[in-house]
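The next block is protein.cif, given as mmCIF, C-alpha atoms.
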data_model
loop_
_atom_site.label_atom_id
_atom_site.label_comp_id
_atom_site.auth_asym_id
_atom_site.auth_seq_id
_atom_site.Cartn_x
_atom_site.Cartn_y
_atom_site.Cartn_z
CA MET A 39 -5.30 0.12 24.25
CA ALA A 40 -8.80 -0.83 23.34
CA VAL A 41 -11.14 2.00 22.52
CA ALA A 42 -9.59 5.45 22.14
CA ASP A 43 -10.73 8.57 23.88
CA ALA A 44 -14.01 9.58 22.27
CA ARG A 45 -13.45 13.33 22.60
CA VAL A 46 -13.77 15.21 19.35
CA LEU A 47 -10.70 17.32 18.63
CA PRO A 48 -11.05 20.98 17.57
CA LYS A 49 -11.46 21.38 13.83
CA HIS A 50 -8.27 23.37 13.36
CA GLN A 51 -6.21 20.41 14.61
CA LEU A 52 -7.68 17.99 12.07
CA LEU A 53 -6.67 17.25 8.49
CA ASP A 54 -7.81 19.85 5.96
CA VAL A 55 -9.40 19.20 2.58
CA ARG A 56 -6.09 19.32 0.69
CA GLN A 57 -4.60 16.64 2.92
CA MET A 58 -7.72 14.49 2.78
CA ALA A 59 -7.96 14.81 -1.01
CA GLN A 60 -4.35 13.60 -1.25
CA PHE A 61 -5.27 10.62 0.94
CA VAL A 62 -8.23 9.84 -1.30
CA LEU A 63 -5.99 9.98 -4.36
CA ASP A 64 -2.94 8.09 -3.06
CA GLY A 65 -4.33 5.91 -0.27
CA TYR A 66 -1.84 7.15 2.31
CA LEU A 67 -0.43 10.26 3.98
CA GLU A 68 3.17 10.76 5.14
CA PHE A 69 4.37 13.05 7.92
CA ASP A 70 7.97 13.85 8.88
CA ASP A 71 7.43 16.42 11.62
CA LEU A 72 4.94 14.99 14.09
CA ILE A 73 7.35 13.19 16.42
CA PRO A 74 10.20 14.78 18.39
CA ASP A 75 13.73 13.39 18.03
CA GLU A 76 14.04 12.27 21.63
CA LEU A 77 10.98 10.04 21.30
CA ASN A 78 12.30 8.53 18.07
CA GLU A 79 15.59 7.76 19.78
CA ALA A 80 13.85 6.19 22.77
CA VAL A 81 11.69 3.98 20.54
CA TYR A 82 14.72 2.94 18.50
CA ALA A 83 16.54 1.90 21.68
CA ASP A 84 13.53 -0.19 22.72
CA GLN A 85 13.37 -1.75 19.27
CA GLN A 86 17.01 -2.78 19.40
CA ARG A 87 16.32 -4.51 22.71
CA ALA A 88 13.45 -6.41 21.08
CA VAL A 89 15.71 -8.44 18.75
CA ASP A 90 18.50 -10.93 19.16
CA GLU A 91 20.49 -12.89 16.59
CA GLY A 92 17.37 -14.89 15.77
CA GLY A 93 15.32 -11.82 15.00
CA THR A 94 12.35 -10.59 17.00
CA LYS A 95 12.34 -12.02 20.51
CA THR A 96 9.50 -14.44 21.20
CA GLU A 97 7.71 -12.15 23.66
CA PHE A 98 7.11 -9.64 20.87
CA ARG A 99 5.76 -12.12 18.34
CA TRP A 100 2.04 -11.75 18.76
CA HIS A 101 1.17 -14.81 16.71
CA ILE A 102 3.08 -16.86 19.27
CA THR A 103 2.25 -15.03 22.48
CA ASP A 104 -1.41 -14.38 21.65
CA ASN A 105 -0.79 -10.78 22.68
CA PRO A 106 -1.55 -8.38 19.82
CA HIS A 107 0.20 -5.49 21.56
CA GLY A 108 3.43 -6.95 22.96
CA PHE A 109 5.87 -4.23 21.85
CA TYR A 110 3.32 -1.49 22.43
CA GLU A 111 2.98 -2.60 26.05
CA TYR A 112 6.75 -2.96 26.44
CA SER A 113 7.72 0.45 25.06
CA GLY A 114 6.43 3.49 26.87
CA ALA A 115 8.05 5.62 24.19
CA VAL A 116 6.06 4.03 21.38
CA ARG A 117 2.87 4.59 23.35
CA GLN A 118 3.81 8.25 23.76
CA VAL A 119 4.37 8.54 20.02
CA HIS A 120 0.91 7.30 19.18
CA ASP A 121 -0.68 9.44 21.89
CA LEU A 122 0.87 12.64 20.53
CA PRO A 123 -1.83 15.19 19.68
CA GLY A 124 -0.54 15.49 16.12
CA VAL A 125 -0.70 11.73 15.57
CA GLN A 126 -4.11 11.40 17.17
CA ALA A 127 -5.42 14.29 15.08
CA VAL A 128 -4.60 12.39 11.89
CA VAL A 129 -6.09 9.14 13.16
CA GLN A 130 -9.24 10.92 14.30
CA SER A 131 -9.58 12.78 11.00
CA LEU A 132 -9.58 9.46 9.16
CA LEU A 133 -11.50 7.25 11.59
CA GLY A 134 -13.38 9.52 13.94
CA PRO A 135 -13.48 9.55 17.73
CA GLY A 136 -13.50 6.29 19.64
CA HIS A 137 -11.46 4.34 17.09
CA VAL A 138 -10.09 0.96 18.12
CA ALA A 139 -6.52 -0.33 17.81
CA SER A 140 -7.17 -3.92 16.79
CA HIS A 141 -3.53 -5.00 16.88
CA SER A 142 -0.01 -3.72 16.53
CA ALA A 143 3.27 -5.28 15.45
CA LEU A 144 6.97 -4.55 15.43
CA HIS A 145 8.20 -5.49 11.97
CA VAL A 146 11.88 -6.39 11.81
CA THR A 147 14.15 -6.98 8.83
CA ALA A 148 17.62 -8.38 9.35
CA PRO A 149 20.75 -6.74 7.93
CA ARG A 150 21.51 -7.84 4.35
CA MET A 151 18.12 -9.55 3.99
CA GLN A 152 18.05 -10.45 0.29
CA THR A 153 14.45 -11.54 -0.10
CA ALA A 154 11.49 -9.18 -0.03
CA GLN A 155 7.98 -9.78 1.18
CA GLN A 156 5.39 -10.52 -1.48
CA TRP A 157 2.95 -7.81 -2.49
CA HIS A 158 -0.16 -8.13 -0.31
CA VAL A 159 -3.04 -6.36 1.38
CA ASP A 160 -3.28 -6.82 5.14
CA ALA A 161 -5.96 -8.86 6.89
CA GLY A 162 -6.83 -10.83 3.81
CA GLY A 163 -7.83 -7.88 1.66
CA ARG A 164 -10.41 -5.12 1.55
CA ARG A 165 -13.31 -5.85 3.84
CA GLN A 166 -15.74 -5.19 1.02
CA VAL A 167 -14.32 -8.22 -0.76
CA ARG A 168 -14.44 -10.49 2.26
CA LEU A 169 -17.48 -9.48 4.26
CA PRO A 170 -21.04 -9.00 3.01
CA GLY A 171 -22.80 -5.84 4.13
CA VAL A 172 -19.72 -3.74 4.83
CA HIS A 173 -20.21 -0.11 3.88
CA PRO A 174 -18.38 0.48 0.59
CA PHE A 175 -16.58 3.55 1.92
CA SER A 176 -15.52 2.25 5.32
CA PHE A 177 -11.84 1.61 5.84
CA ASP A 178 -9.30 0.81 8.52
CA ILE A 179 -5.99 2.60 8.88
CA LEU A 180 -2.55 1.03 9.13
CA THR A 181 0.25 3.14 10.53
CA ALA A 182 3.87 2.64 9.54
CA TYR A 183 6.23 4.38 11.96
CA PHE A 184 9.99 4.50 11.34
CA ALA A 185 11.88 5.53 14.47
CA HIS A 186 15.27 5.59 12.72
CA ASP A 187 16.50 6.87 9.36
CA THR A 188 15.29 4.51 6.64
CA PRO A 189 16.98 5.37 3.35
CA TYR A 190 15.98 3.67 0.12
CA GLU A 191 18.71 1.01 0.38
CA MET A 192 17.46 -0.05 3.81
CA GLY A 193 14.22 -1.13 2.12
CA PRO A 194 11.42 0.67 3.92
CA THR A 195 7.90 -0.52 3.10
CA LEU A 196 7.02 -0.48 -0.60
CA VAL A 197 3.56 0.84 -1.48
CA LEU A 198 1.62 1.20 -4.72
CA PRO A 199 -0.09 4.62 -4.63
CA GLY A 200 -3.73 4.45 -5.68
CA SER A 201 -4.01 0.69 -5.25
CA HIS A 202 -6.46 1.12 -2.33
CA MET A 203 -9.18 1.60 -4.96
CA ARG A 204 -8.74 -1.98 -6.16
CA SER A 205 -10.81 -4.74 -4.57
CA VAL A 206 -8.57 -7.76 -4.09
CA LEU A 207 -7.94 -10.50 -1.59
CA GLY A 208 -4.64 -9.99 0.16
CA PRO A 209 -2.53 -12.97 -0.95
CA ASP A 210 -3.65 -12.76 -4.57
CA LEU A 211 -1.01 -10.16 -5.43
CA ALA A 212 2.02 -12.41 -5.01
CA ARG A 213 2.48 -12.92 -8.76
CA TYR A 214 3.45 -9.28 -9.22
CA LYS A 215 7.03 -8.16 -8.62
CA ASN A 216 7.55 -4.66 -9.98
CA ILE A 217 4.84 -2.16 -10.81
CA SER A 218 5.13 1.34 -12.29
CA GLY A 219 4.62 3.95 -9.58
CA GLN A 220 5.71 1.71 -6.70
CA LYS A 221 7.34 3.74 -3.96
CA ARG A 222 9.49 2.94 -0.95
CA LEU A 223 8.52 4.98 2.10
CA ALA A 224 12.09 6.19 2.60
CA GLY A 225 12.71 9.04 5.00
CA LYS A 226 14.37 10.39 8.10
CA ALA A 227 13.78 9.13 11.62
CA GLY A 228 10.27 10.00 12.75
CA ARG A 229 8.45 9.40 9.49
CA ILE A 230 4.95 8.08 10.12
CA VAL A 231 2.62 6.98 7.37
CA PHE A 232 -1.14 6.45 7.59
CA MET A 233 -2.34 3.91 5.01
CA HIS A 234 -5.80 2.88 3.81
CA GLU A 235 -6.39 -0.79 4.59
CA GLY A 236 -6.60 -1.63 0.88
CA LEU A 237 -3.20 -0.23 -0.07
CA TRP A 238 -0.92 -2.79 -1.74
CA HIS A 239 2.39 -3.00 0.10
CA CYS A 240 5.31 -5.24 1.07
CA ALA A 241 8.53 -5.19 3.08
CA GLN A 242 11.72 -4.77 1.07
CA THR A 243 15.24 -6.19 0.98
CA ASN A 244 17.78 -4.58 3.30
CA GLU A 245 21.11 -3.68 1.71
CA THR A 246 22.59 -2.24 4.90
CA ASP A 247 24.32 -3.70 7.95
CA GLN A 248 21.64 -2.42 10.32
CA TRP A 249 18.40 -3.98 11.48
CA ARG A 250 15.37 -2.24 10.02
CA PHE A 251 12.34 -1.65 12.21
CA MET A 252 8.83 -0.55 11.39
CA PHE A 253 6.07 -0.34 13.98
CA LYS A 254 2.49 -0.75 12.84
CA ILE A 255 -0.93 -0.29 14.40
CA ARG A 256 -4.18 -1.24 12.71
CA TYR A 257 -7.02 1.06 13.72
CA ASN A 258 -10.73 0.34 13.16
CA PRO A 259 -13.40 3.06 13.00
CA ARG A 260 -16.41 3.03 15.32
CA VAL A 261 -18.47 5.67 13.54
CA PRO A 262 -19.44 6.33 9.91
CA GLN A 263 -16.45 8.02 8.27
CA ARG A 264 -18.22 11.22 7.18
CA GLY A 265 -17.30 14.79 8.03
CA LEU A 266 -14.64 13.74 10.52
CA PHE A 267 -11.99 16.24 9.37
CA ASP A 268 -11.93 19.97 8.59
CA THR A 269 -14.21 19.92 5.55
CA ASP A 270 -14.12 23.66 4.87
CA GLY A 271 -13.72 24.18 1.14
CA TRP A 272 -14.46 20.62 0.11
CA ASP A 273 -16.58 21.78 -2.85
CA SER A 274 -14.32 24.67 -3.86
CA ASP A 275 -12.93 25.34 -7.30
CA GLU A 276 -9.52 24.30 -5.98
CA MET A 277 -10.77 20.85 -4.98
CA ARG A 278 -12.69 20.37 -8.20
CA ARG A 279 -9.56 21.28 -10.11
CA PHE A 280 -7.47 18.90 -8.01
CA PHE A 281 -9.62 15.90 -8.84
CA ARG A 282 -10.08 16.95 -12.45
CA MET A 283 -6.34 17.33 -13.01
CA ASN A 284 -5.61 14.03 -11.28
CA LYS A 285 -8.31 12.00 -12.97
CA GLY A 286 -5.80 9.63 -14.52
CA ALA A 287 -3.44 9.48 -11.57
CA HIS A 288 -2.27 5.97 -10.66
CA CYS A 289 -4.26 4.49 -13.55
CA LEU A 290 -2.26 1.50 -14.80
CA THR A 291 -4.37 -0.72 -17.01
CA GLY A 292 -7.35 1.31 -18.18
CA GLU A 293 -9.30 1.87 -14.96
CA SER A 294 -9.30 5.64 -15.06
CA SER A 295 -12.98 6.31 -15.69
CA ALA A 296 -14.24 3.77 -13.17
CA VAL A 297 -11.84 4.89 -10.47
CA ALA A 298 -12.51 8.59 -10.99
CA THR A 299 -16.24 8.02 -10.58
CA GLU A 300 -15.82 5.94 -7.44
CA ARG A 301 -13.31 8.46 -6.09
CA ALA A 302 -15.81 11.29 -6.61
CA ALA A 303 -18.57 9.42 -4.79
CA TRP A 304 -16.22 8.58 -1.93
CA TRP A 305 -15.11 12.24 -1.70
CA ARG A 306 -18.71 13.41 -1.44
CA TYR A 307 -19.39 10.77 1.23
CA LEU A 308 -16.27 11.68 3.23
CA CYS A 309 -17.20 15.36 3.15
CA GLY A 310 -20.78 14.78 4.23
CA ALA A 311 -22.42 15.87 0.98
CA ASP A 312 -26.18 15.39 0.78
CA GLU A 313 -25.92 13.58 -2.53
CA LEU A 314 -23.32 10.98 -3.28
CA VAL A 315 -23.83 11.28 -7.02
CA ASP A 316 -24.42 14.23 -9.23
CA PRO A 317 -28.01 15.55 -8.95
CA SER A 318 -28.52 15.03 -12.66
CA GLY A 319 -28.92 11.33 -12.00
CA THR A 320 -26.65 10.47 -14.89
CA GLY A 321 -23.90 9.18 -12.69
CA ALA A 322 -21.66 12.03 -13.73
CA HIS A 323 -19.83 14.07 -11.15
CA GLY A 324 -19.24 17.31 -12.94
CA ASP A 325 -15.75 18.51 -12.31
CA TYR A 326 -14.94 15.68 -9.91
CA ALA A 327 -14.69 13.00 -12.58
CA MET B 82 26.19 -31.27 -19.91
CA SER B 83 23.66 -28.59 -20.79
CA SER B 84 19.96 -28.71 -20.01
CA ALA B 85 17.05 -26.67 -21.34
CA ARG B 86 15.26 -24.48 -18.78
CA GLN B 87 12.23 -22.23 -19.07
CA GLN B 88 12.16 -18.57 -18.13
CA VAL B 89 8.75 -16.96 -17.71
CA LEU B 90 8.27 -13.22 -18.06
CA ILE B 91 4.90 -11.73 -17.07
CA LEU B 92 4.17 -8.29 -18.45
CA HIS B 93 1.15 -6.06 -17.77
CA LEU B 94 0.46 -3.37 -20.36
CA THR B 95 -1.58 -0.19 -20.24
CA SER B 96 -3.98 -1.61 -22.82
CA GLY B 97 -4.68 -4.76 -24.79
CA ASP B 98 -2.46 -3.53 -27.61
CA LEU B 99 0.75 -5.55 -27.46
CA ALA B 100 2.70 -2.41 -28.36
CA SER B 101 1.32 -0.41 -25.42
CA PRO B 102 3.64 0.47 -22.53
CA THR B 103 4.62 -1.99 -19.82
CA VAL B 104 3.37 -1.06 -16.33
CA ALA B 105 4.24 -4.20 -14.38
CA TRP B 106 6.72 -7.02 -14.83
CA ALA B 107 7.85 -10.21 -13.10
CA LEU B 108 10.48 -12.75 -14.11
CA TYR B 109 10.45 -16.36 -12.92
CA ASP B 110 13.72 -17.92 -14.00
CA GLY B 111 13.84 -21.72 -14.16
CA ALA B 112 17.55 -21.54 -15.02
CA LEU B 113 18.44 -20.23 -11.58
CA GLU B 114 19.50 -22.65 -8.88
CA ALA B 115 17.09 -23.25 -6.00
CA ASP B 116 19.20 -21.18 -3.63
CA ALA B 117 19.51 -18.23 -6.01
CA VAL B 118 17.41 -15.13 -5.51
CA GLN B 119 14.62 -14.70 -8.05
CA MET B 120 13.28 -11.28 -9.00
CA GLN B 121 11.96 -9.66 -5.82
CA SER B 122 9.10 -7.25 -5.30
CA GLY B 123 10.34 -3.69 -5.62
CA SER B 124 13.74 -4.75 -6.97
CA GLU B 125 13.62 -2.73 -10.21
CA LEU B 126 12.51 0.70 -11.29
CA GLU B 127 12.46 0.22 -15.07
CA PRO B 128 10.79 -2.61 -17.00
CA PRO B 129 13.03 -4.91 -19.03
CA TYR B 130 10.98 -4.21 -22.16
CA ASP B 131 8.82 -1.27 -23.11
CA SER B 132 6.08 -3.55 -24.44
CA VAL B 133 5.26 -7.15 -25.27
CA LEU B 134 6.25 -6.49 -28.87
CA ALA B 135 9.66 -5.29 -27.74
CA ALA B 136 10.13 -8.52 -25.78
CA MET B 137 9.08 -10.57 -28.80
CA ARG B 138 11.72 -8.81 -30.89
CA ASP B 139 14.26 -10.02 -28.34
CA GLY B 140 13.22 -13.65 -28.71
CA TRP B 141 10.50 -14.04 -26.08
CA ARG B 142 7.46 -16.07 -27.14
CA VAL B 143 3.97 -15.14 -25.96
CA PHE B 144 2.12 -18.23 -24.75
CA GLN B 145 -0.79 -16.78 -22.80
CA ALA B 146 -2.76 -13.54 -22.61
CA SER B 147 -5.47 -12.57 -20.16
CA PRO B 148 -8.99 -12.21 -21.54
CA LEU B 149 -10.16 -8.69 -22.20
CA PRO B 150 -11.32 -7.26 -18.86
CA GLU B 151 -15.04 -7.49 -18.03
CA ARG B 152 -15.64 -4.37 -15.98
CA SER B 153 -18.80 -3.69 -14.03
CA ALA B 154 -19.96 -1.54 -11.16
CA ALA B 155 -20.56 -4.70 -9.17
CA THR B 156 -16.99 -5.92 -9.34
CA GLY B 157 -15.18 -2.59 -9.35
CA THR B 158 -11.53 -2.66 -10.17
CA GLY B 159 -9.29 -5.42 -8.93
CA GLN B 160 -6.23 -7.10 -10.37
CA LEU B 161 -4.12 -5.53 -13.08
CA ALA B 162 -5.56 -6.17 -16.53
CA ASN B 163 -3.77 -6.81 -19.85
CA GLU B 164 -1.51 -9.60 -18.59
CA PHE B 165 0.80 -11.43 -20.98
CA TRP B 166 2.93 -14.49 -20.27
CA LEU B 167 6.09 -14.96 -22.31
CA GLU B 168 8.69 -17.68 -22.26
CA ARG B 169 12.24 -18.22 -23.33
CA ILE B 170 14.15 -21.50 -23.26
CA VAL B 171 17.77 -21.23 -22.19
CA GLN B 172 20.55 -23.78 -21.91
CA THR B 173 22.17 -24.26 -18.52
CA THR B 174 25.37 -26.01 -17.58
CA GLY B 175 25.03 -25.82 -13.79
CA ARG B 176 23.91 -28.31 -11.21
CA GLN B 177 20.96 -30.57 -12.03
#
Using C-alpha cells, write down the structure that the file contains.
Amino acid sequence: MAVADARVLPKHQLLDVRQMAQFVLDGYLEFDDLIPDELNEAVYADQQRAVDEGGTKTEFRWHITDNPHGFYEYSGAVRQVHDLPGVQAVVQSLLGPGHVASHSALHVTAPRMQTAQQWHVDAGGRRQVRLPGVHPFSFDILTAYFAHDTPYEMGPTLVLPGSHMRSVLGPDLARYKNISGQKRLAGKAGRIVFMHEGLWHCAQTNETDQWRFMFKIRYNPRVPQRGLFDTDGWDSDEMRRFFRMNKGAHCLTGESSAVATERAAWWRYLCGADELVDPSGTGAHGDYA
Amino acid sequence: MSSARQQVLILHLTSGDLASPTVAWALYDGALEADAVQMQSGSELEPPYDSVLAAMRDGWRVFQASPLPERSAATGTGQLANEFWLERIVQTTGRQ
C-alpha cells in the first residue's frame, strides 16, 4: 500500500462542485452509502479479533511493531473497503492520482471509557505551520471509517467544522474542552468520513458496553491539488451564492473576514482558476467573500 | 475539616466584549479528587454561562484575559481569541 494507482478516473465519478465546496467550508465530507453491508460486517468481525481484554493486540499497534499498516494488512475486508471505486473516487478528487497512504491505524475505545482524547490535530499540526516552503493550499486527507453503528452515546470522533482553516500545532489545543459547533460523527455502520489534515478532532467517551472501532488512513498527495475533481460550474451563480451565504459559517471569535478571503483564494486554486485573487488587485473576491 | 480549593473556568467569547456570547468553555476543578473525571472534550453541548458577565454575576472572578488579537496575513488564523480565565474558591471536606 505505497503509491496508489495513478490512473485518472472519469470525471463523472469524481466529486462535483457542490460536494467540494462543502469540503472547503467544513473541512470534511461524510458518506453513508459507499460501502456494502457485507463488507462492513466482515471488517467489524476482523476488528473484534484485533482486541483482547487489554485493548488492541500488540501486533496491531504500529508504534510498537514499526508497521504502519498492521490492521490493513491483516484484514482483507478493510483493504476491499478502501479499494472500492466510490471510496477511491473521493480520495482521488481530493488528492489526485498516485496518492500515498502514509500510515493507517485501528483506533479502539473500550466499553464505558470515561475519559476522552484531548482536542488535537494529527501529525503535529498543519504542515504550513511546521514545514517551511509547503504550498499553502496543500493538504493530506484522514479517513475515519466506522464499520459498525456508532450512535452519539458510543462517542464517535468529535470534530470542529471549519477548524481546518486555523493554523495550529497539534498538541496546542488541549486546553479546550467544549466548543460551539463541535460535532460527533455519529452514524450507521458504513459511515466513512474524509477529513482535511488540519481539522480539529478527538476521540470521545464511550457510554455503551461495546468496543468502539474506527479505522483511519492518512493519505498524502503527489500532485498539485488543482482541478482534480469535476469542476463544472465552479464559477456559477450557485457557487457564488453558496460562499456568500456561508461567509460567517464556523466563525467563532471574529475571524470571518480573514477566513472568507482565504477560503475564496483556496476555492479558486482548487478549481484551477487563472487568478487566485480578484483581477481588481484589491484583494477582494467579489461574491466569494 | 474543610479546605479551600480553586476552580478555574476558561471562557472564549465571540468578541472582546465581556457580554458577548460564549463559544468555548473548559472547567478545571481543583475541588475534585485526583481519581475523579474532570470536564472532558465534547462532554457538553451548552455553555455553563452565556457570557463572562453572566459568570461574574454568579460569583466567578476574572483574573486573566487574553490580549486583543493581532491578526495578519502572515499568521492567518490560529487559536481561539477572546479568552478569559475566571476562578472561584470553594470549600471541600473530602480527602486531603
When you get a sec, could you note down which chain B residues fall within 12 Å of chain A, using all atoms listed in the file, as a ChimeraX atom specification?
/B:89-98,101-109,116-129,131,149-164,166
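Selection check: the PyMOL selection byres ((chain A and resi 133) around 8) on the shown file gives Val129, Gln130, Ser131, Leu132, Gly134, Pro135, His137, Asp178, Ile179, Tyr257, Asn258, Pro259, Arg260, Val261, Gln263 and Leu266 of chain A.
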Matched chain/residue IDs from the PyMOL selection byres ((chain A and resi 68) around 9), as a PyMOL selection string
chain A and resi 66-67+69-70+223+229-233
Suppose you want the space between CA of Glu76 in chain A and CA of Gly108 in chain A; what is it in Å?
22.0 Å
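Here the PyMOL selection byres ((chain A and resi 249) around 7) captures the residues Val146, Thr147, Ala148, Pro149, Asp247, Gln248, Arg250 and Phe251 of chain A.
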Just the residues within 7 Å of Gly200 in chain A, please, counting all atoms listed in the file, with nothing from its chain fewer than 6 positions along; format it as a PyMOL selection string.
chain A and resi 63-65+288
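The space separating CA of Thr181 in chain A from CA of Met58 in chain A comes to 15.9 Å.
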Find the residues around range 86-88 of chain B up to 7 Å (all atoms listed in the file counted), leave out those fewer than 6 positions away in its own chain, and share them as a PyMOL selection string.
chain B and resi 109-112+168-173
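Going from CA of Asp270 in chain A over to CA of Pro174 in chain A, you cover 24.0 Å.
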If we count only C-alpha atoms and set the cut-off at 8 Å, which residues sit around Pro189 in chain A, ignoring sequence neighbours fewer than 6 positions away in its own chain? Please answer as a JSON list (two decimals) with C-alpha atoms, keeping the file's coordinate frame.
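This went into selection-v6.json:
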[["chain", "number", "residue", "atom", "x", "y", "z"],
["A", 224, "ALA", "CA", 12.09, 6.19, 2.60],
["A", 225, "GLY", "CA", 12.71, 9.04, 5.00],
["A", 226, "LYS", "CA", 14.37, 10.39, 8.10]]
I want to know what sits within 9 Å of Arg165 in chain A, based on all atoms listed in the file, with residues of the same chain fewer than 2 positions away left out; could you give that as a PDB file with C-alpha atoms, in the frame of the given file?
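Result saved to result_16.pdb:
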ATOM      1  CA  ALA A 161      -5.960  -8.860   6.890  1.00  0.00           C
ATOM      2  CA  GLY A 162      -6.830 -10.830   3.810  1.00  0.00           C
ATOM      3  CA  GLY A 163      -7.830  -7.880   1.660  1.00  0.00           C
ATOM      4  CA  VAL A 167     -14.320  -8.220  -0.760  1.00  0.00           C
ATOM      5  CA  ARG A 168     -14.440 -10.490   2.260  1.00  0.00           C
ATOM      6  CA  LEU A 169     -17.480  -9.480   4.260  1.00  0.00           C
ATOM      7  CA  PRO A 170     -21.040  -9.000   3.010  1.00  0.00           C
ATOM      8  CA  VAL A 172     -19.720  -3.740   4.830  1.00  0.00           C
ATOM      9  CA  HIS A 173     -20.210  -0.110   3.880  1.00  0.00           C
ATOM     10  CA  PRO A 174     -18.380   0.480   0.590  1.00  0.00           C
ATOM     11  CA  SER A 176     -15.520   2.250   5.320  1.00  0.00           C
ATOM     12  CA  PHE A 177     -11.840   1.610   5.840  1.00  0.00           C
ATOM     13  CA  SER A 205     -10.810  -4.740  -4.570  1.00  0.00           C
ATOM     14  CA  LEU A 207      -7.940 -10.500  -1.590  1.00  0.00           C
ATOM     15  CA  GLU A 235      -6.390  -0.790   4.590  1.00  0.00           C
ATOM     16  CA  GLY A 236      -6.600  -1.630   0.880  1.00  0.00           C
TER      17      GLY A 236
END
